[in-house]
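Participant: My questions will all concern the structure given below.
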4 protein chains.
Amino acid sequence: MLSDEERLQSRAVKEGDYILLYIDNKRRRLVKIRKGAVVNSDKGVVKHDDIIRKNWGESVTLSTGAKAYILKPTFYDLLMNLPKRITQVIYPKDIALMIMLSGIGSGSKVLEGGVGTGFLTAALAYSVGPEGHVYCYEIRKEFVNVAKQNLRLLGLSDRVTIKIGDIRKDVTETELDAAFLDVPDPWNALGSLSKALKPSSPVLIFVPTVNQVIKVVKALEEHRISADVHIYESILREYQPKPEALRPYTLTIGHTGYIIFFRIIKA
Amino acid sequence: MLSDEERLQSRAVKEGDYILLYIDNKRRRLVKIRKGAVVNSDKGVVKHDDIIRKNWGESVTLSTGAKAYILKPTFYDLLMNLPKRITQVIYPKDIALMIMLSGIGSGSKVLEGGVGTGFLTAALAYSVGPEGHVYCYEIRKEFVNVAKQNLRLLGLSDRVTIKIGDIRKDVTETELDAAFLDVPDPWNALGSLSKALKPSSPVLIFVPTVNQVIKVVKALEEHRISADVHIYESILREYQPKPEALRPYTLTIGHTGYIIFFRIIKA
Amino acid sequence: MLSDEERLQSRAVKEGDYILLYIDNKRRRLVKIRKGAVVNSDKGVVKHDDIIRKNWGESVTLSTGAKAYILKPTFYDLLMNLPKRITQVIYPKDIALMIMLSGIGSGSKVLEGGVGTGFLTAALAYSVGPEGHVYCYEIRKEFVNVAKQNLRLLGLSDRVTIKIGDIRKDVTETELDAAFLDVPDPWNALGSLSKALKPSSPVLIFVPTVNQVIKVVKALEEHRISADVHIYESILREYQPKPEALRPYTLTIGHTGYIIFFRIIKA
Amino acid sequence: MLSDEERLQSRAVKEGDYILLYIDNKRRRLVKIRKGAVVNSDKGVVKHDDIIRKNWGESVTLSTGAKAYILKPTFYDLLMNLPKRITQVIYPKDIALMIMLSGIGSGSKVLEGGVGTGFLTAALAYSVGPEGHVYCYEIRKEFVNVAKQNLRLLGLSDRVTIKIGDIRKDVTETELDAAFLDVPDPWNALGSLSKALKPSSPVLIFVPTVNQVIKVVKALEEHRISADVHIYESILREYQPKPEALRPYTLTIGHTGYIIFFRIIKA
């Protein structure tokens with residue numbers, strides 16, 4: 001329990017904090033607070049010093065008179081604003097569904113193939129909690145350091161082991177609870193999964209094209225190591241939040257990829 | 001670490017275990033194993049005794065010759081097969097997205113309004129891990145016992161406090177990390193949220209109709225206690241897993257509801 | 001110009017007329033009026049004699065007190081209620097888009113491959129007007145008579161020539177304005193199209209699976225006889241018409257098929 | 001029937017013809033051929049003189065070596081490339097569905113409210129053929145001339161009467177077969193429809209927001225002049241035509257508007 005004073009203090013923004021500075025739905029920015037620094041935007045500027053000692057959820061006024069809110073970033077905000085994030089193909093809507101379908105949670109041990117900049121990795125690590133662990137394989141060395149930096153920033157390094165290696169042949173773990181693949185040729189990694197996962201554990205694969213879906217499902221039929229195969233596509237529509245003119249936005253992300261779910265079974 | 005013998009034993013199905021008996025995508029059933037019992041299906045019957053001592057992921061043969069797989073149920077399987085689940089309006093695809101957007105995870109303290117049979121409650125409790133907690137308000141007494149039973153079955157009772165009370169006026173908690181509402185009139189519960197949540201914390205509301213979306217967003221504008229308002233609709237398409245004839249299923253769930261996200265801020 | 005008396009008469013329902021008897025959105029039925037006959041429904045019965053001499057747009061009261069409207073069927077109503085219609089894979093939403101994309105209209109000469117029961121045929125014949133014509137090829141003799149009956153009922157026989165023959169090799173027409181294919185292997189009919197169509201004319205193909213889309217587009221690339229290739233999928237959502245609870249219907253047709261558009265060009 | 005020579009001539013592009021110059025799916029341009037003129041594009045230039053005497057469907061080579069096809073524009077191509085078209089809210093996919101649902105065709109007499117630049121007007125005029133007619137009301141004078149120019153260009157002027165007037169009160173026609181409304185407040189035009197349409201005729205309304213849908217359906221319930229009310233939303237996905245990497249385009253038009261269908265009945 002916090003004392004009243006501690007609570008009040010914990011409500012104040014401090015040097016070194018990350019804030020989500022929110023002007024409007026198109027102007028939301030993660031900012032690390034540093035004395036003397038300034039935030040620039042096309043809606044005006046504001047000094048970090050004016051933000052410090054404000055409480056979370058309060059607003060500051062930009063030089064143009066526009067209002068900006070000081071929001072405490074959630075894990076989701078941090079994830080979406082990773083400094084080293086390259087264009088990711090896999091979106092939060094897809095990751096959320098994959099995690100739900102996998103059934104993983106606090107304490108789960110998870111395999112991941114294809115780390116990239118660590119976006120999915122971070123979401124998995126967050127889901128398995130401090131008792132769980134994520135074992136990752138990435139063959140492209142240049143990504144590994146970026147991913148590690150991102151995980152450090154999110155405070156998730158302890159839950160993740162990243163190995164420079166090939167998910168198709170280098171996996172050494174066994175008895176894992178689920179596997180997640182975001183690689184171009186997941187059909188070549190099926191053998192690894194049989195060895196690494198507990199029997200009947202779920203596998204989640206993300207691929208952008210229907211050709212890849214076809215190849216994966218064909219490989220599953222040939223290898224006879226799967227049951228309970230499902231293919232999903234999640235389409236997210238966002239509506240403009242105007243109560244007098246409610247409608248989806250005109251332009252939208254119409255496609256990200258397909259999610260394949262199955263379970264590893266005895267051949 | 002398990003010894004080899006323990007590992008082998010842990011792989012075998014035992015009396016009292018829940019299994020997911022998988023015949024095909026339309027015939028997937030959660031079964032509690034009891035000596036002497038029998039599973040009936042339109043694809044044939046199988047004795048529980050024939051399932052016991054099989055290993056997870058192995059198959060049994062039904063009386064008709066059809067094959068059934070013995071899958072170890074994940075949390076997701078258990079959730080989807082809760083014995084006392086009534087028709088829920090809120091689907092896993094929506095829950096997954098709401099949890100992702102909320103940023104909650106291991107250790108989060110969460111408010112829930114509208115427990116029903118505990119479907120969303122269970123998913124939230126699973127997400128916050130053993131260190132987190134879910135505080136729930138439900139005015140319909142008849143649901144509370146059902147929800148408690150479901151949570152017990154899922155081993156999540158310790159993480160949840162269910163109160164028979166009105167989310168619109170009875171909330172006593174403070175300093176919570178996020179709120180989830182699945183009630184018919186969420187616009188009447190906004191006052192409660194301001195008091196219960198830490199400043200700038202996210203709120204997730206699920207409603208089935210556009211009229212409710214309009215009312216919520218209108219109320220948010222009037223009360224001036226929100227920022228960062230977003231409205232989403234998640235559409236899930238499932239494809240038939242036939243590599244020679246890949247296509248979405250003809251008949252599908254075309255609508256479940258709308259998800260409203262916002263953050264509580266200082267008026 | 002009609003005299004007032006003629007106009008009044010034309011408004012009255014007569015023996016032999018088709019009416020659309022509308023009780024509610026789930027109870028809409030095309031009925032041919034015959035003296036002495038009776039309409040049965042789970043909402044009650046009504047005598048044809050009570051309908052005769054009513055005017056279009058007026059209502060009758062069923063035996064249970066429920067109200068039914070006497071609607072003059074449009075072409076669309078007739079099309080959707082063809083007596084010999086078998087389950088069609090191609091839906092009005094798809095046909096409408098195909099016709100729009102093809103640019104056909106009054107006076108167009110059109111090729112059709114795969115007549116079935118004449119559903120698409122009828123829509124095409126309606127679009128090209130009395131000056132246009134539709135040339136159809138169907139190898140399954142059993143369908144041809146059904147299609148012809150349907151076209152007669154819709155008064156469209158004069159605009160259509162149906163040949164029992166193979167769209168892949170039997171086409172004799174030339175200088176046509178557009179082609180529509182609803183056959184399982186459209187990639188085998190591409191040669192016919194080159195000969196039958198005016199250069200640069202549009203082709204519209206409907207197929208239910210992504211595998212067929214892939215095969216068609218691959219064949220187009222190999223044969224080098226196409227330009228301006230586009231692939232569409234049209235998803236139709238219907239909302240329940242309740243102004244206090246507006247939302248899409250829960251259960252819906254989630255998939256019908258894919259539409260491929262291209263133009264025939266010189267190799 | 002054309003003689004062989006006439007046919008060959010009709011195949012050649014001539015001064016004054018409109019062509020659709022197709023380089024790729026992002027570079028498709030309607031061009032009016034004029035001796036001495038030049039087409040510029042970021043893929044190179046080509047002289048109109050090099051296009052003249054080419055046949056429809058043949059290709060020309062741009063200055064960069066890129067290939068461009070000379071396609072004979074269909075009505076759809078002309079419509080989509082109207083020189084005076086302003087950003088239209090109503091898309092071909094919606095117009096196609098509205099026309100299909102209305103059942104109009106060759107010979108239909110149609111009412112239109114809200115002409116704009118004549119995009120929907122032109123599509124309606126094309127559908128009703130030379131025997132049909134479209135009666136239009138538009139209160140914004142500045143649009144009327146633009147619309148008339150567009151209709152002239154498409155050769156449809158004879159089928160359309162545009163009146164500067166208010167669809168809500170100035171309609172003088174009677175006995176029409178269907179009505180199409182693309183105005184901001186269609187609920188105010190319902191009285192006009194009752195007078196102008198034959199009893200039980202279909203009305204099609206296009207509106208961009210759910211609030212407008214709610215208002216229309218509420219008005220229909222209050223006025224008691226409708227039956228057979230349906231609300232649709234058509235979502236169009238376009239796939240990239242790559243047979244080795246088939247997938248919908250990432251960015252897409254996610255929303256245009258809602259289509260309301262109903263029939264005018266006796267109060």
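Residues are referred to by chain and number: the chain letter is A, B, ... according to the order shown in the structure tokens, the number counts from 1 in that chain, and ligands are numbered separately from 1 in the order shown.
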Check which residues of chain D sit at most 6 Å from chain A using only C-alpha atoms, and return one row each with the closest pair of atoms and their distance in Å to one decimal, ordered by chain and rising number, as a tab-separated table.

Facilitator:
residue	atom	partner	partner_atom	distance
D:Thr209	CA	A:Arg247	CA	5.0
D:Val210	CA	A:Leu246	CA	5.7
D:Ala245	CA	A:Thr209	CA	5.6
D:Leu246	CA	A:Thr209	CA	5.5
D:Arg247	CA	A:Thr209	CA	5.0
D:Pro248	CA	A:His255	CA	5.8
D:Thr250	CA	A:His255	CA	4.7
D:Leu251	CA	A:Ile253	CA	4.7
D:Thr252	CA	A:Gly254	CA	5.2
D:Ile253	CA	A:Leu251	CA	4.7
D:Gly254	CA	A:Thr252	CA	5.2
D:His255	CA	A:Thr250	CA	4.7

Participant: Among range 57-189 of chain C, which ones does DSSP assign to helix (DSSP H, G or I) (computed from the backbone)? Answer as a ChimeraX atom specification.

Facilitator: /C:75-80,92-102,119-128,141-153,157-159,186-189

Participant: Residues at most 10 Å from Ser108 in chain C, counting only C-alpha atoms, excluding those fewer than 3 positions away in the same chain, as a PyMOL selection string?

Facilitator: chain C and resi 103-105+111+124-125+127-134+176-178

Participant: Work out how far CA of Phe143 in chain D is from CA of Ile90 in chain D, in Å to one decimal.

Facilitator: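 For CA of Ile90 in chain D relative to CA of Phe143 in chain D, the distance reads 15.7 Å.
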
Participant: Take CA of Ile162 in chain D and CA of Gly114 in chain D and report the distance between them in Å, one decimal.

Facilitator: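 Between these atoms lies a distance of 10.1 Å.
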
Participant: Separation of CA of Asp158 in chain B and CA of Leu30 in chain B, in Å?

Facilitator: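 Going from CA of Asp158 in chain B over to CA of Leu30 in chain B covers 23.8 Å.
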
Participant: So, with only C-alpha atoms as the atoms that count, which of A:Ile260, A:Ala96, A:Glu222, A:Val39 lies closest to Gln240 in chain B?

Facilitator: A:Ile260

Participant: Leaving out Asp228 in chain D and any residue of its chain fewer than 6 positions from it, which residues lie within 9 Å of it when counting only C-alpha atoms, given as an MDAnalysis selection string?

Facilitator: (chainID C and resid 22:25 28) or (chainID D and resid 261:263)

Participant: Using only C-alpha atoms, which protein or nucleic acid residues come within 7 Å of Ser59 in chain C? Drop anything in the same chain fewer than 5 positions from it, and give the result as JSON, numbers by chain.

Facilitator: {"C": [67, 68, 69, 70]}

Participant: Please extract the residues of range 74-201 of chain C with a backbone DSSP assignment of strand (DSSP E) and present them as a PyMOL selection string.

Facilitator: chain C and resi 109-113+133-138+160-164+178-181
